[in-house]
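Novice: Pasting query-v2.txt here (compact mmCIF, C-alpha atoms):
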```txt
# COMPACT_ATOMS: atom_id res chain seq x y z
CA MET U 215 10.11 -7.71 -24.11
CA LEU U 216 8.86 -8.06 -20.58
CA LYS U 217 5.57 -6.30 -19.98
CA ASN U 218 4.67 -7.55 -16.55
CA TYR U 219 5.42 -10.24 -14.00
CA ASP U 220 3.19 -12.72 -15.78
CA ASP U 221 5.71 -12.80 -18.62
CA LEU U 222 8.43 -14.24 -16.39
CA SER U 223 9.40 -17.83 -17.10
CA PRO U 224 9.62 -20.38 -14.27
CA VAL U 225 13.42 -20.25 -14.60
CA ALA U 226 13.38 -16.48 -14.21
CA ILE U 227 11.18 -16.77 -11.13
CA ASP U 228 13.58 -19.33 -9.64
CA CYS U 229 16.32 -16.87 -10.27
CA LEU U 230 14.47 -14.08 -8.47
CA ARG U 231 13.83 -16.49 -5.65
CA GLU U 232 17.56 -17.15 -5.30
CA ILE U 233 18.25 -13.42 -5.30
CA GLY U 234 15.65 -13.08 -2.59
CA ASN U 235 17.40 -15.76 -0.52
CA ILE U 236 20.82 -14.21 -0.81
CA GLY U 237 19.58 -10.71 -0.12
CA SER U 238 17.57 -11.78 2.91
CA GLY U 239 20.48 -13.69 4.37
CA SER U 240 22.68 -10.68 3.99
CA ALA U 241 20.10 -8.31 5.49
CA ALA U 242 19.58 -10.61 8.47
CA SER U 243 23.28 -10.86 9.20
CA SER U 244 23.66 -7.09 9.26
CA LEU U 245 20.74 -6.87 11.62
CA SER U 246 22.42 -9.49 13.80
CA GLU U 247 25.64 -7.44 13.87
CA MET U 248 23.82 -4.25 14.76
CA LEU U 249 21.86 -5.87 17.55
CA GLY U 250 24.87 -7.82 18.76
CA LYS U 251 22.66 -10.88 18.95
CA PRO U 252 22.70 -14.13 17.03
CA ILE U 253 19.93 -14.48 14.51
CA GLU U 254 18.41 -17.75 13.59
CA MET U 255 17.41 -17.53 9.95
CA LYS U 256 14.54 -19.51 8.54
CA VAL U 257 14.55 -20.42 4.87
CA PRO U 258 12.74 -17.56 3.17
CA ALA U 259 9.80 -18.31 0.96
CA VAL U 260 10.02 -16.26 -2.21
CA CYS U 261 7.16 -16.05 -4.62
CA VAL U 262 5.44 -13.85 -7.15
CA LEU U 263 2.11 -12.85 -5.66
CA GLU U 264 -0.74 -10.47 -6.30
CA TYR U 265 -0.96 -7.52 -3.91
CA GLN U 266 -4.28 -8.76 -2.65
CA GLN U 267 -2.79 -12.17 -1.84
CA ILE U 268 0.02 -10.47 0.08
CA ILE U 269 -2.49 -8.46 2.10
CA ASP U 270 -4.52 -11.59 2.83
CA THR U 271 -1.44 -13.68 3.74
CA MET U 272 -0.18 -11.05 6.12
CA GLY U 273 -3.39 -10.65 8.07
CA GLY U 274 -5.76 -8.40 6.16
CA PRO U 275 -5.92 -4.72 5.18
CA GLU U 276 -6.33 -3.34 8.71
CA LYS U 277 -3.40 -5.15 10.29
CA ILE U 278 -0.92 -2.69 11.77
CA ILE U 279 2.49 -3.02 10.14
CA THR U 280 5.77 -1.11 10.14
CA GLY U 281 6.51 -0.26 6.52
CA ILE U 282 9.92 0.94 5.36
CA LEU U 283 10.03 2.24 1.83
CA VAL U 284 13.25 2.37 -0.15
CA ARG U 285 13.40 3.76 -3.68
CA LEU U 286 16.00 2.24 -5.98
CA GLN U 287 18.09 4.14 -8.52
CA GLY U 288 20.89 3.24 -10.91
CA ASP U 289 20.78 0.15 -13.14
CA ILE U 290 17.82 -1.15 -11.16
CA LYS U 291 15.07 1.38 -10.66
CA GLY U 292 12.02 0.65 -8.62
CA MET U 293 10.97 0.16 -5.05
CA MET U 294 11.72 -2.11 -2.16
CA MET U 295 9.57 -2.27 0.91
CA PHE U 296 10.08 -3.95 4.26
CA LEU U 297 6.88 -4.96 6.00
CA LEU U 298 7.66 -5.73 9.61
CA GLU U 299 5.41 -7.04 12.31
CA ASP U 300 5.31 -5.64 15.82
CA SER U 301 7.95 -8.03 17.14
CA PHE U 302 10.62 -6.38 14.99
CA ALA U 303 10.08 -2.93 16.49
CA GLN U 304 9.94 -4.45 19.99
CA VAL U 305 13.29 -6.25 19.66
CA VAL U 306 15.03 -3.27 18.07
CA LEU U 307 13.73 -0.79 20.65
CA SER U 308 14.40 -3.05 23.60
CA THR U 309 17.99 -3.57 22.41
CA PHE U 310 18.85 0.03 21.60
CA MET U 311 16.65 2.06 23.89
CA ASN U 312 15.86 -0.31 26.70
CA VAL U 313 12.13 0.13 26.30
CA GLU U 314 9.71 -2.77 26.37
CA ASN U 315 6.19 -3.28 25.09
CA VAL U 316 6.08 -0.17 22.99
CA GLN U 317 2.86 1.02 21.42
CA VAL U 318 3.97 0.99 17.78
CA THR U 319 1.27 3.37 16.58
CA SER U 320 2.53 6.16 18.82
CA LEU U 321 6.30 6.08 18.51
CA GLY U 322 8.38 9.17 19.19
CA GLU U 323 10.88 10.75 16.79
CA MET U 324 13.80 8.88 18.36
CA GLU U 325 12.14 5.48 18.16
CA LEU U 326 11.10 6.11 14.58
CA SER U 327 14.59 7.05 13.52
CA VAL U 328 16.14 4.02 15.21
CA ILE U 329 13.77 1.71 13.36
CA THR U 330 14.26 3.56 10.08
CA GLU U 331 18.01 3.24 10.50
CA MET U 332 17.63 -0.53 10.97
CA GLY U 333 15.65 -0.62 7.76
CA ASN U 334 18.30 1.49 6.08
CA ILE U 335 21.05 -0.95 7.08
CA MET U 336 19.06 -4.03 6.10
CA ALA U 337 18.07 -2.55 2.75
CA GLY U 338 21.66 -1.48 2.06
CA SER U 339 22.97 -4.90 2.82
CA TYR U 340 20.27 -6.57 0.76
CA LEU U 341 21.07 -4.41 -2.23
CA ARG U 342 24.83 -4.86 -1.88
CA ALA U 343 24.30 -8.61 -2.10
CA LEU U 344 22.18 -8.18 -5.20
CA SER U 345 24.69 -5.80 -6.71
CA THR U 346 27.65 -8.12 -6.04
CA LEU U 347 25.79 -11.04 -7.54
CA THR U 348 24.82 -9.24 -10.74
CA GLY U 349 27.52 -6.62 -11.24
CA LEU U 350 24.79 -4.01 -11.57
CA THR U 351 24.90 -0.65 -9.83
CA ILE U 352 22.02 -0.18 -7.43
CA ASP U 353 21.67 3.00 -5.43
CA MET U 354 19.02 3.73 -2.88
CA ASP U 355 17.35 6.85 -1.56
CA ILE U 356 17.07 7.47 2.16
CA PRO U 357 14.33 5.16 3.40
CA SER U 358 11.17 6.45 4.98
CA MET U 359 8.92 4.58 7.33
CA THR U 360 5.44 4.57 8.71
CA VAL U 361 3.38 2.44 11.07
CA ASP U 362 -0.13 2.03 9.75
CA MET U 363 -2.70 -0.28 8.24
CA LEU U 364 -1.21 -2.79 5.82
CA GLY U 365 -3.73 -1.94 3.10
CA ALA U 366 -2.90 1.75 3.26
CA ILE U 367 0.84 1.05 3.12
CA MET U 368 0.43 -1.33 0.18
CA SER U 369 -1.56 1.28 -1.73
CA VAL U 370 1.73 3.07 -2.37
CA PRO U 371 3.33 0.38 -4.58
CA ILE U 372 -0.07 -0.62 -5.98
CA ILE U 373 -0.59 2.90 -7.29
CA GLU U 374 2.93 3.57 -8.44
CA PHE U 375 3.24 0.32 -10.32
CA SER U 376 -0.33 0.05 -11.54
CA GLN U 377 0.84 0.13 -15.15
CA VAL U 378 3.12 -2.84 -14.56
CA GLY U 379 0.50 -5.16 -13.19
CA ASP U 380 -0.84 -6.48 -9.96
CA LYS U 381 1.95 -8.93 -9.11
CA VAL U 382 5.22 -8.43 -7.27
CA LEU U 383 8.11 -10.39 -5.83
CA PHE U 384 7.27 -11.24 -2.24
CA ILE U 385 9.83 -12.55 0.22
CA ASP U 386 8.49 -14.09 3.40
CA ASP U 387 11.46 -13.91 5.62
CA GLY U 388 11.17 -15.24 9.12
CA PHE U 389 13.94 -15.18 11.68
CA ALA U 390 14.30 -15.48 15.42
CA ILE U 391 16.25 -13.29 17.84
CA ASP U 392 16.56 -14.34 21.48
CA GLY U 393 14.00 -17.01 20.83
CA VAL U 394 11.45 -14.43 19.64
CA ASP U 395 10.06 -15.09 16.20
CA ILE U 396 10.20 -12.08 13.95
CA LYS U 397 8.20 -11.98 10.80
CA SER U 398 9.57 -9.75 8.14
CA ASN U 399 8.35 -9.53 4.61
CA ILE U 400 10.03 -7.78 1.74
CA ILE U 401 8.51 -6.78 -1.52
CA LEU U 402 10.75 -5.95 -4.42
CA ILE U 403 9.38 -4.14 -7.43
CA PRO U 404 11.85 -3.31 -10.14
CA GLU U 405 10.48 -1.25 -13.03
CA MET U 406 9.93 -3.47 -16.04
CA ASP U 407 13.00 -2.39 -18.02
CA SER U 408 15.11 -2.83 -14.89
CA LEU U 409 13.71 -6.31 -14.43
CA GLU U 410 14.65 -7.02 -18.02
CA THR U 411 18.18 -5.71 -17.40
CA LEU U 412 18.41 -7.93 -14.34
CA MET U 413 17.16 -11.02 -16.16
CA LYS U 414 19.54 -10.46 -19.07
CA LYS U 415 22.45 -10.03 -16.70
CA LEU U 416 21.57 -13.31 -15.04
CA GLY U 417 21.25 -15.00 -18.42
CA VAL U 418 17.64 -16.07 -18.09
CA LEU U 419 16.11 -13.88 -20.74
CA MET P 203 -30.80 -8.40 7.49
CA MET P 204 -28.07 -5.81 7.36
CA ALA P 205 -25.10 -6.58 5.15
CA ASN P 206 -21.69 -4.95 5.05
CA LEU P 207 -20.78 -4.54 1.39
CA THR P 208 -17.01 -4.36 0.99
CA ILE P 209 -15.54 -2.22 -1.74
CA GLY P 210 -12.01 -3.21 -2.80
CA ILE P 211 -9.43 -1.06 -4.54
CA SER P 212 -10.72 0.17 -7.92
CA ASP P 213 -14.22 -0.96 -7.12
CA LEU P 214 -17.60 0.66 -6.45
CA LYS P 215 -20.93 -0.45 -5.00
CA VAL P 216 -24.38 0.98 -4.36
CA CYS P 217 -27.01 -0.05 -1.82
CA ARG P 218 -30.09 0.89 0.19
CA PRO P 219 -30.49 0.65 3.98
CA PRO P 220 -30.03 -1.30 6.11
CA ASP P 221 -26.91 -2.25 4.13
CA VAL P 222 -23.64 -0.54 4.93
CA LEU P 223 -20.77 0.23 2.55
CA VAL P 224 -17.21 -0.39 3.76
CA THR P 225 -13.80 0.19 2.26
CA TYR P 226 -10.70 -0.80 4.21
CA ALA P 227 -7.39 0.95 4.65
CA LEU P 228 -7.44 3.81 2.18
CA GLY P 229 -3.92 5.14 1.81
CA SER P 230 -3.33 7.49 -1.10
CA CYS P 231 -6.54 6.22 -2.64
CA VAL P 232 -9.76 8.19 -2.14
CA GLY P 233 -13.14 6.88 -1.02
CA ILE P 234 -16.16 8.78 -2.39
CA CYS P 235 -19.48 8.35 -0.56
CA LEU P 236 -22.60 9.61 -2.35
CA LEU P 237 -26.11 9.75 -0.95
CA ASP P 238 -29.58 10.69 -2.07
CA SER P 239 -31.09 11.26 1.37
CA VAL P 240 -34.70 11.05 0.13
CA THR P 241 -34.53 7.58 -1.44
CA GLU P 242 -31.65 6.61 0.90
CA VAL P 243 -29.71 5.20 -2.03
CA GLY P 244 -26.00 5.27 -1.17
CA GLY P 245 -22.85 4.55 -3.13
CA LEU P 246 -19.14 4.22 -2.44
CA SER P 247 -16.27 4.26 -4.90
CA HIS P 248 -12.61 3.55 -4.05
CA ILE P 249 -10.39 5.14 -6.69
CA MET P 250 -6.62 4.80 -6.90
CA LEU P 251 -5.58 7.19 -9.65
CA PRO P 252 -6.72 10.63 -10.82
CA ASP P 253 -7.00 10.48 -14.56
CA SER P 254 -7.91 7.70 -17.01
CA THR P 255 -6.70 9.71 -19.98
CA GLN P 256 -3.11 9.57 -18.66
CA ALA P 257 -3.12 5.77 -18.54
CA THR P 258 -2.25 3.52 -21.47
CA ASN P 259 -5.39 1.43 -21.15
CA GLY P 260 -7.59 3.59 -18.95
CA ALA P 261 -10.88 2.68 -20.61
CA ALA P 262 -10.48 -0.97 -19.58
CA THR P 263 -10.56 -0.17 -15.87
CA PRO P 264 -12.95 2.75 -15.36
CA MET P 265 -13.44 2.09 -11.64
CA ARG P 266 -9.75 2.76 -11.05
CA PHE P 267 -9.82 6.46 -11.94
CA ALA P 268 -11.56 9.47 -10.38
CA ASP P 269 -12.70 10.91 -13.73
CA THR P 270 -14.42 7.70 -14.87
CA ALA P 271 -15.45 6.04 -11.59
CA ILE P 272 -17.56 8.96 -10.33
CA PRO P 273 -19.90 9.20 -13.36
CA MET P 274 -20.20 5.42 -13.22
CA LEU P 275 -21.12 5.52 -9.52
CA VAL P 276 -23.75 8.19 -10.21
CA ASN P 277 -25.28 6.07 -12.98
CA GLU P 278 -25.44 3.00 -10.78
CA MET P 279 -27.20 5.01 -8.08
CA VAL P 280 -29.71 6.44 -10.55
CA LYS P 281 -30.46 2.88 -11.69
CA LEU P 282 -31.26 2.03 -8.06
CA GLY P 283 -33.68 4.95 -7.83
CA ALA P 284 -31.52 7.89 -6.73
CA SER P 285 -32.12 11.36 -8.10
CA ARG P 286 -29.03 12.86 -9.67
CA SER P 287 -29.92 16.35 -8.47
CA ARG P 288 -30.17 15.35 -4.82
CA LEU P 289 -26.77 13.65 -4.53
CA LYS P 290 -24.33 14.91 -1.92
CA ALA P 291 -20.77 13.72 -1.36
CA LYS P 292 -18.47 12.92 1.54
CA ILE P 293 -14.90 12.00 0.74
CA ALA P 294 -11.94 10.51 2.62
CA GLY P 295 -8.37 9.37 1.96
CA GLY P 296 -5.69 10.82 -0.27
CA ALA P 297 -2.97 10.54 2.37
CA VAL P 298 0.77 10.78 1.80
CA MET P 299 1.82 7.54 3.45
CA PHE P 300 5.57 8.04 3.27
CA ALA P 301 7.12 11.43 3.81
CA THR P 302 10.00 11.25 1.37
CA THR P 303 11.75 14.24 -0.03
CA SER P 304 11.76 12.41 -3.35
CA ASP P 305 8.02 11.93 -3.46
CA ARG P 306 7.66 13.07 -7.03
CA PHE P 307 4.22 11.65 -7.21
CA ASN P 308 2.19 13.07 -4.36
CA ILE P 309 -0.57 10.96 -5.70
CA GLY P 310 -2.81 11.43 -2.65
CA GLU P 311 -3.15 15.15 -3.25
CA ARG P 312 -3.68 14.65 -6.99
CA ASN P 313 -6.35 12.04 -6.30
CA VAL P 314 -8.25 14.40 -4.01
CA ALA P 315 -8.05 17.22 -6.57
CA ALA P 316 -9.30 14.92 -9.35
CA VAL P 317 -12.18 13.67 -7.19
CA LYS P 318 -13.24 17.25 -6.46
CA ALA P 319 -13.07 18.15 -10.14
CA ALA P 320 -15.13 15.11 -11.14
CA LEU P 321 -17.77 15.88 -8.49
CA ARG P 322 -17.93 19.52 -9.60
CA LYS P 323 -18.49 18.34 -13.16
CA GLU P 324 -21.40 16.20 -11.98
CA GLY P 325 -22.77 19.13 -9.97
CA ILE P 326 -22.49 17.21 -6.68
CA PRO P 327 -21.61 19.27 -3.58
CA ILE P 328 -19.07 17.94 -1.04
CA ILE P 329 -20.55 18.29 2.43
CA ALA P 330 -17.76 16.63 4.45
CA GLU P 331 -14.19 15.52 3.90
CA ASP P 332 -11.34 13.93 5.78
CA THR P 333 -8.44 13.96 3.36
CA GLY P 334 -4.68 14.36 3.14
CA LEU P 335 -2.25 14.08 6.07
CA ASN P 336 -0.18 10.95 6.51
CA TYR P 337 -2.30 8.08 7.76
CA GLY P 338 -4.54 5.32 6.48
CA ARG P 339 -8.31 5.34 6.89
CA THR P 340 -11.08 2.74 6.85
CA VAL P 341 -14.46 4.14 5.81
CA PHE P 342 -17.93 2.93 6.81
CA PHE P 343 -20.81 4.66 5.05
CA TYR P 344 -24.35 4.33 6.40
CA PRO P 345 -26.93 5.37 3.77
CA GLN P 346 -29.68 5.32 6.40
CA THR P 347 -28.16 8.21 8.35
CA GLY P 348 -25.71 9.54 5.78
CA ILE P 349 -22.92 9.18 8.32
CA MET P 350 -19.39 8.49 7.07
CA GLU P 351 -17.38 6.87 9.85
CA ILE P 352 -13.59 6.98 9.67
CA LYS P 353 -11.34 4.55 11.52
CA ALA P 354 -7.61 5.27 11.66
CA ALA P 355 -4.89 3.27 13.40
CA ALA P 356 -3.52 5.94 15.71
CA LYS P 357 -6.27 8.55 15.55
CA GLY P 358 -9.30 6.61 16.69
CA ASN P 359 -12.73 6.89 15.12
CA LYS P 360 -14.70 9.88 13.96
CA GLN P 361 -18.06 10.42 12.34
CA LEU P 362 -18.70 12.94 9.61
```
Translate the structure described by the file into structure tokens.
Specialist:
Amino acid sequence: MLKNYDDLSPVAIDCLREIGNIGSGSAASSLSEMLGKPIEMKVPAVCVLEYQQIIDTMGGPEKIITGILVRLQGDIKGMMMFLLEDSFAQVVLSTFMNVENVQVTSLGEMELSVITEMGNIMAGSYLRALSTLTGLTIDMDIPSMTVDMLGAIMSVPIIEFSQVGDKVLFIDDGFAIDGVDIKSNIILIPEMDSLETLMKKLGVL
Amino acid sequence: MMANLTIGISDLKVCRPPDVLVTYALGSCVGICLLDSVTEVGGLSHIMLPDSTQATNGAATPMRFADTAIPMLVNEMVKLGASRSRLKAKIAGGAVMFATTSDRFNIGERNVAAVKAALRKEGIPIIAEDTGLNYGRTVFFYPQTGIMEIKAAAKGNKQL
């Protein structure tokens, strides 16, 4: 039985990596449709990392990040979180609301809900891809977002999944819109029995 | 030479001036600053969960939980020369980072409650706190002055 992410075989990790690729591609194309702009996808890097490594990779605990939290229900229970750098909010808000150079730490209700809705659409499309691939039912709660220090945002999954271990699936997912590089990272944390269900379904356990 | 001692998640440290204790980006976690103002021995603990007895292997990671980290912090400070009876506390953190209707956990609030209970058990009064709400906090604690400085992304700095 799987106890934590350290128990995953290299084949299983490859498999998660592929899921990450497909999901990211799908999320990026829905974003492209919504924005009405072509998106240039980079090949996502998918790896199993410790939380601390994620925080270090992304610029340290005090870096300001837009975090969108999505809770998963159904056959796969757990949490998915989008960690988006400034550039994401800027592109979305300039496209939909015609505002430039926004101060992301002091967004109004309207701005917040536009960005949350983007996250909602991307998460939905990511999960549909995963669901189609596996035949599993995955439902999601309404996402919620915040703009704050990376360390504080990451404390949410760290605490909730502290029994599972200190590693998670991390998808480093760059793309470019209008020549602007957008860094987006996704962390995916299925509960352990859901991860087992997923691995069995994919035939790698 | 002054050193900034950084306390990670589920960690604690003690020091004397001129050293400064720092913990970055507390979300739902709670930072507990203790000081004996006579000997100027200070300590900071960064806990992430309320109760070690609810965890499957709580004893293995005592610095993770409010109920076990606080007695441990007190002992470390006593070893460095602090008097148990003079200790006073300032606490920060315990935010709800994401306002979801389905937040079954509300771990921030539970962490703060557990920290207060553990301090009460040790007989340590809380003389300042900046807890709850919905934003992250970085804490600097200066044992020389007893000041706890809070930095938050959108709220600026404040000293308690």
Novice: Should the cut-off be 10 Å, what would the residue list for chain U against chain P look like, counting all atoms listed in the file, as number ranges by chain?
Specialist: U: 266, 274-278, 281-285, 317-320, 355-370, 372-374, 376-377
Novice: Quick one: distance from CA of Lys290 in chain P to CA of Cys217 in chain P in Å, one decimal?
Specialist: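 One can read the CA of Lys290 in chain P to CA of Cys217 in chain P distance as 15.2 Å.
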Novice: Please measure the separation of CA of Asn399 in chain U and CA of Leu298 in chain U, giving the value in Å to one decimal.
Specialist: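 According to the coordinates, CA of Asn399 in chain U and CA of Leu298 in chain U are separated by 6.3 Å.
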Novice: May I have the residues within 8 Å of Ile329 in chain U as an MDAnalysis selection string, using all atoms listed in the file and disregarding those fewer than 2 positions away in the same chain?
Specialist: chainID U and resid 303 306:307 325:327 331:333
Novice: Taking 6 positions as the minimum chain separation for residues in the same chain, which residues sit within 6 Å of range 381-387 of chain U when counting all atoms listed in the file? Answer as a PyMOL selection string.
Specialist: chain U and resi 258-264+398-403
Novice: Please report, as AutoDock Vina command-line options, the centre and edge lengths in Å to one decimal of an axis-aligned box covering all listed atoms of range 327-344 of chain U with 4 Å per side.
Specialist:
```
--center_x 19.3 --center_y -0.8 --center_z 5.0 --size_x 19.1 --size_y 23.7 --size_z 28.4
```
Novice: Which is closest to Gly292 in chain U among U:Val257, U:Ile233, U:Leu344, U:Met354, if we use only C-alpha atoms?
Specialist: U:Met354
Novice: Which polymer residues have any atom within 9 Å of an atom of Lys217 in chain U, counting only C-alpha atoms, with same-chain residues fewer than 5 positions away left out, as a tab-separated table (two decimals) with C-alpha atoms, in the frame of the given file?
Specialist:
```tsv
chain	number	residue	atom	x	y	z
U	378	VAL	CA	3.12	-2.84	-14.56
U	379	GLY	CA	0.50	-5.16	-13.19
U	406	MET	CA	9.93	-3.47	-16.04
U	407	ASP	CA	13.00	-2.39	-18.02
```
